[in-house]
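Accompanying notes for the structure given below.
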Amino acid sequence: MIKACLFDLDGTLLPMDTEAFVNVYLGALAPQVAHVIPPDKLVKMIWHATEEMIKNTDEQLTNEQVFERTFLEVSKVSKEEIWPVFDRFYREEFPKLQTHVGREPLMREVVQAALERGYKVAVATNPVFPKEAIWERMRWAGVDDLPFSLVTVYEEMHFCKPQPCYYLEVADGLGVKPEECVMIGNDMQEDMVASTVGMKTFYLQQHRIDRGQPVYPFDMEGTAAELLSAIREGKELFAAEALKVR
C-alpha cells in the first residue's frame, strides 16, 4: 500500500532545463562574490564542494556541514567573510532567476490530488541548496503553500541524490517504509534510483534527464496529466486506498 508520494522539484514540480538553470545561477552568483573570490575560481570551488557533499555517506554530517567545511578549506577564506555574501545573494538576487524557469499548474493539482487521497507528500529535491533557495523555487512552482510533510533541504539532510541512503532518510523522515513510497521525478539516475531501496517510481515524461548509465526500472511513466489521472482515479500504483494519515 502506498502511503507517501515524493516529488522531485527541478524539472518535475518546476519545469526547467536544469543544466541551463545551474549555469545561469552560477553566472549570477559569481559577480556578487567577486570582491572576495575571483569568479572563475569560485565556480570550481562550488562544484568541488558540491561533489564532496554528493559523495558523503557520513550520517553524522549534514549536507550543509560538508559543503561549508569543503568550501572553506579550498577557498582559504573565513566563513564570516563569505557566508554573509551568499546569504544576501539568496535573499536579494536568487528570486530574480524565476524568469529562467517555467510553470506547470497541473503539477499543483497533482500534489493536491495526492493530499486529498490522504497520502503524506514530500518535496524530495536534491538537497544541495539552502532552505531559502529551495522554498523560493517552490514558490515559483506555485506549491509553497501546500502542507508538505517534508521538504529536503541541505541544512537538515545528511545525504544527496543519487545516494540510495537519501531515500531511506526521506522515508524515515516521513515515518513510512520505503516500499510504502512512490518517487515521482524526471531524472533517471537521480530519481529512479529510489527503486533500489524498494520504493515504487513514476518516471515523468516532461524535461527528462538520462545520462545513459546506470538505468533503473520504473513502475509507471507518463505525463503530468496521466499522473494526475492515476492518482485521482486510483490507477495502477495508486489503486489501493491511501491510508488516511491526517
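In the C-alpha cells, the first chain shown is A, the next is B, and so on; residue numbers restart at 1 for each chain, and ligands run from 1 in the order shown.
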Determine, using only C-alpha atoms, which residues of stretch 9-28 of chain A have any atom at most 9 Å from an atom of stretch 208-219 of chain A, and tabulate each with its shortest atom pair and distance in Å to one decimal place, rows ordered by chain and then rising number, as CSV.
```
residue,atom,partner,partner_atom,distance
A:Gly11,CA,A:Arg208,CA,7.5
A:Thr12,CA,A:Arg208,CA,8.9
A:Thr18,CA,A:Ile209,CA,8.8
```
Write out, as a tab-separated table (two decimals), in the first residue's frame, the residues just selected, with N, CA, C and O atoms.
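As written to disk, out16.tsv reads:
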```
chain	number	residue	atom	x	y	z
A	11	GLY	N	12.46	20.35	-12.71
A	11	GLY	CA	12.11	19.52	-13.85
A	11	GLY	C	10.86	18.70	-13.63
A	11	GLY	O	10.34	18.09	-14.58
A	12	THR	N	10.37	18.65	-12.40
A	12	THR	CA	9.17	17.88	-12.08
A	12	THR	C	8.05	18.83	-11.63
A	12	THR	O	7.16	19.14	-12.40
A	18	THR	N	17.47	21.94	-16.29
A	18	THR	CA	18.28	22.02	-15.08
A	18	THR	C	19.71	22.47	-15.35
A	18	THR	O	20.25	23.34	-14.66
```
>> Quick check for you: according to DSSP on this backbone, which residues of stretch 41-226 of chain A are classed as strand (DSSP E)? Reply as an NGL selection string.
In response: :A and (120-123 or 150-151 or 181-185 or 200-204 or 220-222)
Store the residues picked out above in a file with N, CA and C atoms, as a PDB file, in the first residue's frame.
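That gives us part32.pdb:
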```
ATOM      1  N   LYS A 120       0.854  11.072   2.587  1.00  0.00           N
ATOM      2  CA  LYS A 120       1.867  12.015   3.028  1.00  0.00           C
ATOM      3  C   LYS A 120       2.596  12.470   1.770  1.00  0.00           C
ATOM      4  N   VAL A 121       2.941  13.737   1.706  1.00  0.00           N
ATOM      5  CA  VAL A 121       3.565  14.267   0.495  1.00  0.00           C
ATOM      6  C   VAL A 121       4.852  15.008   0.863  1.00  0.00           C
ATOM      7  N   ALA A 122       5.910  14.737   0.094  1.00  0.00           N
ATOM      8  CA  ALA A 122       7.208  15.360   0.342  1.00  0.00           C
ATOM      9  C   ALA A 122       7.754  15.986  -0.933  1.00  0.00           C
ATOM     10  N   VAL A 123       8.490  17.078  -0.766  1.00  0.00           N
ATOM     11  CA  VAL A 123       9.306  17.610  -1.858  1.00  0.00           C
ATOM     12  C   VAL A 123      10.676  16.982  -1.703  1.00  0.00           C
ATOM     13  N   LEU A 150       7.309  16.928   4.408  1.00  0.00           N
ATOM     14  CA  LEU A 150       8.768  17.026   4.427  1.00  0.00           C
ATOM     15  C   LEU A 150       9.249  17.734   3.176  1.00  0.00           C
ATOM     16  N   VAL A 151      10.222  18.620   3.350  1.00  0.00           N
ATOM     17  CA  VAL A 151      10.939  19.241   2.236  1.00  0.00           C
ATOM     18  C   VAL A 151      12.423  19.024   2.514  1.00  0.00           C
ATOM     19  N   CYS A 181       6.346   4.054  -0.402  1.00  0.00           N
ATOM     20  CA  CYS A 181       6.539   5.348  -1.077  1.00  0.00           C
ATOM     21  C   CYS A 181       6.553   5.175  -2.593  1.00  0.00           C
ATOM     22  N   VAL A 182       6.128   6.225  -3.290  1.00  0.00           N
ATOM     23  CA  VAL A 182       6.339   6.303  -4.730  1.00  0.00           C
ATOM     24  C   VAL A 182       7.110   7.584  -5.006  1.00  0.00           C
ATOM     25  N   MET A 183       8.245   7.450  -5.685  1.00  0.00           N
ATOM     26  CA  MET A 183       9.073   8.596  -6.060  1.00  0.00           C
ATOM     27  C   MET A 183       8.686   9.031  -7.456  1.00  0.00           C
ATOM     28  N   ILE A 184       8.360  10.316  -7.589  1.00  0.00           N
ATOM     29  CA  ILE A 184       7.913  10.877  -8.860  1.00  0.00           C
ATOM     30  C   ILE A 184       8.958  11.881  -9.331  1.00  0.00           C
ATOM     31  N   GLY A 185       9.568  11.616 -10.481  1.00  0.00           N
ATOM     32  CA  GLY A 185      10.614  12.510 -10.939  1.00  0.00           C
ATOM     33  C   GLY A 185      10.930  12.348 -12.408  1.00  0.00           C
ATOM     34  N   LYS A 200       8.468   2.484  -5.057  1.00  0.00           N
ATOM     35  CA  LYS A 200       7.872   2.488  -6.368  1.00  0.00           C
ATOM     36  C   LYS A 200       8.285   3.789  -7.055  1.00  0.00           C
ATOM     37  N   THR A 201       8.250   3.808  -8.391  1.00  0.00           N
ATOM     38  CA  THR A 201       8.697   5.003  -9.104  1.00  0.00           C
ATOM     39  C   THR A 201       7.773   5.342 -10.277  1.00  0.00           C
ATOM     40  N   PHE A 202       7.621   6.643 -10.476  1.00  0.00           N
ATOM     41  CA  PHE A 202       6.887   7.167 -11.634  1.00  0.00           C
ATOM     42  C   PHE A 202       7.845   8.073 -12.383  1.00  0.00           C
ATOM     43  N   TYR A 203       8.129   7.731 -13.651  1.00  0.00           N
ATOM     44  CA  TYR A 203       9.094   8.472 -14.473  1.00  0.00           C
ATOM     45  C   TYR A 203       8.333   9.481 -15.321  1.00  0.00           C
ATOM     46  N   LEU A 204       8.424  10.745 -14.942  1.00  0.00           N
ATOM     47  CA  LEU A 204       7.699  11.812 -15.635  1.00  0.00           C
ATOM     48  C   LEU A 204       8.319  12.083 -17.001  1.00  0.00           C
ATOM     49  N   MET A 220       5.881   3.079 -13.407  1.00  0.00           N
ATOM     50  CA  MET A 220       4.974   3.778 -14.317  1.00  0.00           C
ATOM     51  C   MET A 220       5.724   4.913 -14.977  1.00  0.00           C
ATOM     52  N   GLU A 221       5.230   5.354 -16.111  1.00  0.00           N
ATOM     53  CA  GLU A 221       5.749   6.559 -16.748  1.00  0.00           C
ATOM     54  C   GLU A 221       4.596   7.266 -17.413  1.00  0.00           C
ATOM     55  N   GLY A 222       4.754   8.580 -17.606  1.00  0.00           N
ATOM     56  CA  GLY A 222       3.693   9.311 -18.274  1.00  0.00           C
ATOM     57  C   GLY A 222       3.828  10.806 -18.086  1.00  0.00           C
TER      58      GLY A 222
END
```
> What are the DSSP alpha helix (DSSP H) residues of stretch 9-243 of chain A, as number ranges by chain?
Replying inline: A: 18-33, 39-55, 63-75, 79-88, 105-116, 131-141, 164-174, 224-233
> Could you pull the residues within 8 Å of A:Pro15, counting only C-alpha atoms, minus those fewer than 4 positions along the same chain, as a list in words?
Replying inline: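 Answer for this query is Asp10, Gly11, Val101, Gly102, Arg103, Glu104, Ala141, Gln206 and His207 of chain A.
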Those residues you just picked out, can you put them in a file as a compact mmCIF listing (two decimals), in the first residue's frame with all heavy atoms?
```txt
# COMPACT_ATOMS: atom_id res chain seq x y z
N ASP A 10 13.03 20.30 -9.32
CA ASP A 10 13.52 20.85 -10.59
C ASP A 10 13.25 19.89 -11.74
O ASP A 10 13.74 18.76 -11.76
CB ASP A 10 15.02 21.13 -10.50
CG ASP A 10 15.35 22.14 -9.41
OD1 ASP A 10 14.49 23.00 -9.14
OD2 ASP A 10 16.45 22.07 -8.84
N GLY A 11 12.46 20.35 -12.71
CA GLY A 11 12.11 19.52 -13.85
C GLY A 11 10.86 18.70 -13.63
O GLY A 11 10.34 18.09 -14.58
N VAL A 101 12.76 29.91 -15.57
CA VAL A 101 12.05 28.63 -15.41
C VAL A 101 10.62 28.79 -15.91
O VAL A 101 10.15 29.89 -16.18
CB VAL A 101 12.04 28.18 -13.93
CG1 VAL A 101 13.45 28.07 -13.39
CG2 VAL A 101 11.21 29.12 -13.07
N GLY A 102 9.92 27.65 -16.03
CA GLY A 102 8.54 27.67 -16.48
C GLY A 102 7.57 27.53 -15.32
O GLY A 102 7.94 27.70 -14.15
N ARG A 103 6.34 27.19 -15.65
CA ARG A 103 5.30 26.98 -14.64
C ARG A 103 4.33 25.95 -15.18
O ARG A 103 3.89 26.04 -16.33
CB ARG A 103 4.57 28.31 -14.35
CG ARG A 103 3.52 28.25 -13.23
CD ARG A 103 4.17 28.28 -11.87
NE ARG A 103 3.20 28.43 -10.79
CZ ARG A 103 2.90 29.59 -10.21
NH1 ARG A 103 3.47 30.72 -10.61
NH2 ARG A 103 2.03 29.63 -9.21
N GLU A 104 3.99 24.95 -14.40
CA GLU A 104 3.06 23.91 -14.80
C GLU A 104 1.98 23.76 -13.73
O GLU A 104 2.16 23.03 -12.75
CB GLU A 104 3.79 22.57 -15.01
CG GLU A 104 2.89 21.40 -15.36
CD GLU A 104 1.91 21.70 -16.46
OE1 GLU A 104 2.30 21.59 -17.63
OE2 GLU A 104 0.75 22.06 -16.16
N ALA A 141 7.09 27.40 -8.45
CA ALA A 141 6.26 26.29 -8.93
C ALA A 141 4.81 26.42 -8.50
O ALA A 141 3.95 25.67 -8.97
CB ALA A 141 6.83 24.96 -8.42
N GLN A 206 8.00 14.81 -19.03
CA GLN A 206 8.48 16.16 -19.30
C GLN A 206 9.89 16.39 -18.72
O GLN A 206 10.20 15.93 -17.64
CB GLN A 206 7.52 17.20 -18.71
CG GLN A 206 6.20 17.30 -19.45
CD GLN A 206 5.09 16.51 -18.74
OE1 GLN A 206 5.31 15.41 -18.27
NE2 GLN A 206 3.91 17.09 -18.69
N HIS A 207 10.71 17.11 -19.48
CA HIS A 207 12.04 17.55 -19.02
C HIS A 207 12.91 16.39 -18.53
O HIS A 207 13.65 16.51 -17.56
CB HIS A 207 11.89 18.60 -17.92
CG HIS A 207 11.02 19.76 -18.31
ND1 HIS A 207 11.44 20.75 -19.17
CD2 HIS A 207 9.73 20.06 -17.98
CE1 HIS A 207 10.46 21.61 -19.35
NE2 HIS A 207 9.42 21.22 -18.65
```
> Any idea what the distance is between atom CA of A:Leu115 and atom CA of A:Gln189?
Replying inline: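 Here the two named atoms are 26.7 Å from each other.
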>> I need the residue nearest A:Glu155 from this list: A:Gly118, A:Pro31, A:Pro130, A:Pro105. Use only C-alpha atoms for the distance.
In response: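 Closest to A:Glu155 of all the choices is A:Pro130.
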> Taking into account only C-alpha atoms, which residue in the set A:Gln112, A:Gln98, A:Gln163, A:Thr196 is nearest to A:Met138?
Replying inline: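 Counting only C-alpha atoms, the residue closest to A:Met138 is A:Gln98.
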>> I need the residue nearest A:Leu97 from this list: A:Val176, A:Val197, A:Met192, A:Ala133. Use only C-alpha atoms for the distance.
In response: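 Smallest separation from A:Leu97 among the options: A:Ala133.
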> Smallest atom-to-atom distance to A:Thr152: which of A:Leu228, A:Met16, A:Leu9, A:Met1, using only C-alpha atoms?
Replying inline: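 Distance minimum relative to A:Thr152 lands on A:Leu9.
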